[in-house]
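Here's the structure, in structure tokens; my notes come after.
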Amino acid sequence: MVISLFVAALLFLQASVQAADLQIALPDGEILGATYTTPNGIEYYGFRGIPYAKPPVGDLRFEVPQPAEPWTGVLDATDDQDSCVSVNNDSGESEDCLYINVYTPNLEPSTKLPVLFWIYGGAYREGNSRKHLYGPDYLVEEDVIVVSFNYRVGAFGFLSSADEALPGNNGMKDQLLALKWTHENIQHFGGDPEKITIFGESAGSSSVGLHLISKKSAGLFRGAILESGTSLNSWSAYAGARAVFDGLVEVLSEDDFRNDTQEMKAFLKSRSVEEISDAVNALSDRLSATQLVLVPVIEVENEDAFITESHYELLKNGDFNQVPTIIGLCSEESLLFLGDVANTRALGQSFDTYPEAIIPDNLDADKEVLETVIDKIKSIYLEEGEQFEDNLVAVTQLYSDSLFGRAILKHADLQSAYTPVYLYQFSYYGARHVMEPFIDGAEKVAHSSDLPYLFYWPRSAQAEDLLVQNRLVKLWTNFAKYLNPTPEESALFNNVIWTPHTEENSIYLNINTTLELNTHLKERTMAGWAEIFELYGKKPLITY
């Protein structure tokens with residue numbers, strides 16, 4: 001009995017010591033973390049749900065985020081906090097959502113560790129940083145720290161009155177505050193604040209592109225990784241935000257605010273989350289899908305403005321945060337959005353019936369040149385006389401290029417004049433695929449298919465999947481450490497050295513069952529678009 005009590009006391013003492021080891025002091029207060037184990041049996045430490053901003057509720061709704069206030073006692077940082085309110089207003093979402101997570105392999109390393117700062121995607125309409133979605137296990141095994149966080153999305157993050165009342169981009173300003181918090185606090189987790197690499201996918205990748213061109217983000221990171229998105233994508237900037245703002249107020253109120261945007265904003269602050277979410281959905285009856293957009297905007301000049309200038313011109317002129325960058329795409333991004341053969345054929349039919357739909361908004365195609373521009377775009381993807389309905393590969397490629405590829409490759413060209421740019425295409429189709437390919441003759445790898453090879457998702461895996469996972473994780477973490485994904489020859493990479501891309505000497509890494517350096521990704525289609533934008537692009541360009 002005495003021995004049993006002694007053993008119980010010893011186990012309790014050990015548990016207390018382990019808990020104390022994870023109790024660390026930050027400038028705002030003490031936090032308690034948890035120990036996790038990777039699938040390979042390696043322990044690491046996690047601190048989840050740390051407030052980096054005051055809850056943006058009440059009078060702080062639709063306002064620039066404010067730094068969190070200090071707390072008393074020990075904050076339990078062992079679980080995720082609520083996600084930010086999405087356009088769907090799902091369970092587990094709240095306005096009180098501005099929390100950050102830190103995962104570290106070592107709290108007291110002999111040398112401070114590099115940091116990967118993750119920004120999730122979700123079309124700026126949804127998304128969160130929950131651990132089951134973005135498990136850091138594979139990455140922390142390579143002795144880097146991973147930071148993830150929530151930022152406001154949808155109306156609560158990107159509504160704009162297009163004036164000083166509500167300039168917009170509050171979701172981007174959340175990201176900025178989280179990045180500043182990381183720069184100021186990561187040393188307490190064993191991290192090096194001067195070795196932060198920001199990375200993201202889809203809208204998260206577009207966000208990384210916006211941090212590259214925002215003066216507000218200068219000096220807060222030293223490297224960037226953009227996965228399937230850039231500030232040059234058409235969905236990374238919206239000029240019609242005022243219509244959404246006005247429409248939202250009109251749905252919720254019959255009052256005449258006499259165009260007083262301050263009063264309109266105050267009115268929106270008085271409505272419930274549910275009322276605003278329902279009003280956004282009701283707007284779909286008034287505005288088209290291309291008008292009902294809640295994404296970043298180019299702001300009017302104001303003290304807290306995140307971006308006020310043309311995205312394209314800033315990159316073209318070198319007026320951006322010049323850091324080494326990895327940028328790339330999945331081989332057939334559009335598959336995720338097309339869904340199946342029937343939808344693809346229907347889209348092709350709509351292109352044939354309403355061919356002006358294939359013209360990007362940033363082209364100046366008036367009546368005199370409309371048919372010429374349409375013919376030039378068709379000639380990139382179709383044979384003479386061919387219809388989109390009869391060539392679903394062409395529909396798929398046009399959609400992939402328009403949504404992602406065209407802007408991503410132009411970004412790589414523009415930035416490569418000033419910094420090292422490592423361009424890639426993720427072409428691996430394996431057991432962790434996001435969806436089955438369904439267009440014969442098109443590429444197979446859909447948007448977001450790279451994520452299961454960077455983050456821990458409990459999915460089945462074959463030997464090739466594990467090889468691709470190990471390679472992708474090593475490339476990304478090498479970059480975080482050395483600003484070079486292949487600093488030396490390695491058997492894991494078959495001794496391939498990833499050479500930076502330039503517009504003149506276009507090189508990209510094709511990531512498949514093998515790693516191969518190829519040249520001139522999408523050369524023919526990109527040359528066709530370059531000619532079109534040179535002739536008909538609305539100058540100055542904002543997106544591409």
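Going through the structure tokens in order, the chains are called A, B, and so on, while each chain numbers its residues from 1 and the ligands are numbered from 1 in the order shown.
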Please identify every residue of region 183-285 of chain A that has at least one atom no farther than 7 Å from an atom of region 140-163 of chain A, counting only C-alpha atoms, and for each give the shortest atom pair and the distance in Å to one decimal, arranged by chain then increasing number, as JSON lines.
{"residue": "A:Gly191", "atom": "CA", "partner": "A:Ile145", "partner_atom": "CA", "distance": 6.6}
{"residue": "A:Ala241", "atom": "CA", "partner": "A:Ser160", "partner_atom": "CA", "distance": 5.7}
{"residue": "A:Arg242", "atom": "CA", "partner": "A:Ser161", "partner_atom": "CA", "distance": 5.0}
{"residue": "A:Phe245", "atom": "CA", "partner": "A:Ser161", "partner_atom": "CA", "distance": 5.6}
{"residue": "A:Thr261", "atom": "CA", "partner": "A:Ser161", "partner_atom": "CA", "distance": 6.8}
For the residues selected in the previous step, produce a file with N, CA, C and O atoms as a short mmCIF file (atom, residue, chain, number, x, y, z; two decimals), in the first residue's frame.
data_model
loop_
_atom_site.label_atom_id
_atom_site.label_comp_id
_atom_site.auth_asym_id
_atom_site.auth_seq_id
_atom_site.Cartn_x
_atom_site.Cartn_y
_atom_site.Cartn_z
N GLY A 191 11.88 30.36 -30.96
CA GLY A 191 11.97 30.79 -32.35
C GLY A 191 12.81 32.03 -32.55
O GLY A 191 13.02 32.83 -31.64
N ALA A 241 -16.75 47.03 -54.12
CA ALA A 241 -17.12 46.71 -52.74
C ALA A 241 -18.27 47.56 -52.23
O ALA A 241 -19.06 47.10 -51.40
N ARG A 242 -18.40 48.79 -52.70
CA ARG A 242 -19.45 49.67 -52.18
C ARG A 242 -20.84 49.11 -52.46
O ARG A 242 -21.77 49.29 -51.65
N PHE A 245 -21.65 46.72 -49.68
CA PHE A 245 -21.92 47.46 -48.44
C PHE A 245 -23.32 48.08 -48.47
O PHE A 245 -24.12 47.90 -47.55
N THR A 261 -22.04 56.96 -44.56
CA THR A 261 -21.46 55.63 -44.36
C THR A 261 -21.09 55.38 -42.90
O THR A 261 -21.07 54.23 -42.45
#
Query raised in the report: If you run DSSP on this backbone, which residues of region 123-268 of chain A come out as strand (DSSP E), and could you give them as a PyMOL selection string?
Result: chain A and resi 145-149+191-201+223-227
Query raised in the report: Which residues, written as a list in words, have at least one atom at most 9 Å from Asn362 (chain A), with only C-alpha atoms counted and residues fewer than 5 positions away on the same chain left out?
Result: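 Residues meeting the cut-off are Ser234, Phe533, Tyr536, Gly537, Lys538, Lys539, Leu541, Ile542, Thr543 and Tyr544 of chain A.
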Requested in this report: Determine the nearest neighbour of Pro114 (chain A) from the options A:Asn233, A:Asn512, A:Thr477, A:Ser206, counting only C-alpha atoms.
Outcome: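 For Pro114 (chain A), the nearest of the candidates is A:Thr477.
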Would you tabulate, counting only C-alpha atoms, all residues of region 509-535 of chain A that have an atom at most 10 Å from an atom of region 327-334 of chain A, showing the closest pair of atoms and their distance in Å to one decimal, sorted by chain then ascending number, as CSV?
residue,atom,partner,partner_atom,distance
A:Leu509,CA,A:Gly328,CA,9.1
A:Asn510,CA,A:Ser331,CA,9.3
A:Ile511,CA,A:Cys330,CA,9.4
Output for the residues just chosen: all heavy atoms as a PDB file, in the first residue's frame:
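See part.pdb below for the written result:
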ATOM      1  N   LEU A 509      10.378  23.551 -61.076  1.00  0.00           N
ATOM      2  CA  LEU A 509      10.525  22.198 -60.543  1.00  0.00           C
ATOM      3  C   LEU A 509       9.177  21.494 -60.658  1.00  0.00           C
ATOM      4  O   LEU A 509       8.183  21.955 -60.099  1.00  0.00           O
ATOM      5  CB  LEU A 509      10.966  22.241 -59.079  1.00  0.00           C
ATOM      6  CG  LEU A 509      11.203  20.875 -58.421  1.00  0.00           C
ATOM      7  CD1 LEU A 509      12.431  20.199 -59.023  1.00  0.00           C
ATOM      8  CD2 LEU A 509      11.362  21.028 -56.909  1.00  0.00           C
ATOM      9  N   ASN A 510       9.162  20.394 -61.380  1.00  0.00           N
ATOM     10  CA  ASN A 510       7.954  19.581 -61.466  1.00  0.00           C
ATOM     11  C   ASN A 510       8.008  18.543 -60.352  1.00  0.00           C
ATOM     12  O   ASN A 510       8.901  17.693 -60.310  1.00  0.00           O
ATOM     13  CB  ASN A 510       7.857  18.899 -62.829  1.00  0.00           C
ATOM     14  CG  ASN A 510       6.490  18.278 -63.054  1.00  0.00           C
ATOM     15  OD1 ASN A 510       5.476  18.927 -62.854  1.00  0.00           O
ATOM     16  ND2 ASN A 510       6.464  17.018 -63.443  1.00  0.00           N
ATOM     17  N   ILE A 511       7.049  18.648 -59.415  1.00  0.00           N
ATOM     18  CA  ILE A 511       7.027  17.777 -58.248  1.00  0.00           C
ATOM     19  C   ILE A 511       6.034  16.655 -58.508  1.00  0.00           C
ATOM     20  O   ILE A 511       4.817  16.848 -58.467  1.00  0.00           O
ATOM     21  CB  ILE A 511       6.651  18.560 -56.979  1.00  0.00           C
ATOM     22  CG1 ILE A 511       7.630  19.716 -56.758  1.00  0.00           C
ATOM     23  CG2 ILE A 511       6.616  17.643 -55.761  1.00  0.00           C
ATOM     24  CD1 ILE A 511       7.239  20.654 -55.631  1.00  0.00           C
TER      25      ILE A 511
END
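Going from CA of Phe351 (chain A) over to CA of Asp413 (chain A), you cover 29.2 Å.
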List every residue of region 395-454 of chain A that has an atom at most 12 Å from any atom of region 118-135 of chain A, giving for each one its closest atom pair and the distance in Å to one decimal, counting only C-alpha atoms, sorted by chain and then by ascending residue number, as CSV.
residue,atom,partner,partner_atom,distance
A:Leu403,CA,A:Ala123,CA,11.7
A:His447,CA,A:Gly121,CA,11.2
A:Ser448,CA,A:Gly121,CA,9.3
A:Leu451,CA,A:Tyr134,CA,8.4
A:Pro452,CA,A:Tyr134,CA,8.9
A:Tyr453,CA,A:Tyr134,CA,10.8
A:Leu454,CA,A:Tyr134,CA,8.5
**Report entry** Pick from A:Leu423, A:Phe438, A:Phe62, A:Ala461 nearest to Asn505 (chain A), counting only C-alpha atoms
**Finding:** A:Leu423
Report task. Can you pull out every residue within 10 Å of Thr290 (chain A), counting only C-alpha atoms, but drop anything in the same chain fewer than 4 positions away, and send it as a list in words? Result -> Trp235, Tyr238 and Gly240 of chain A
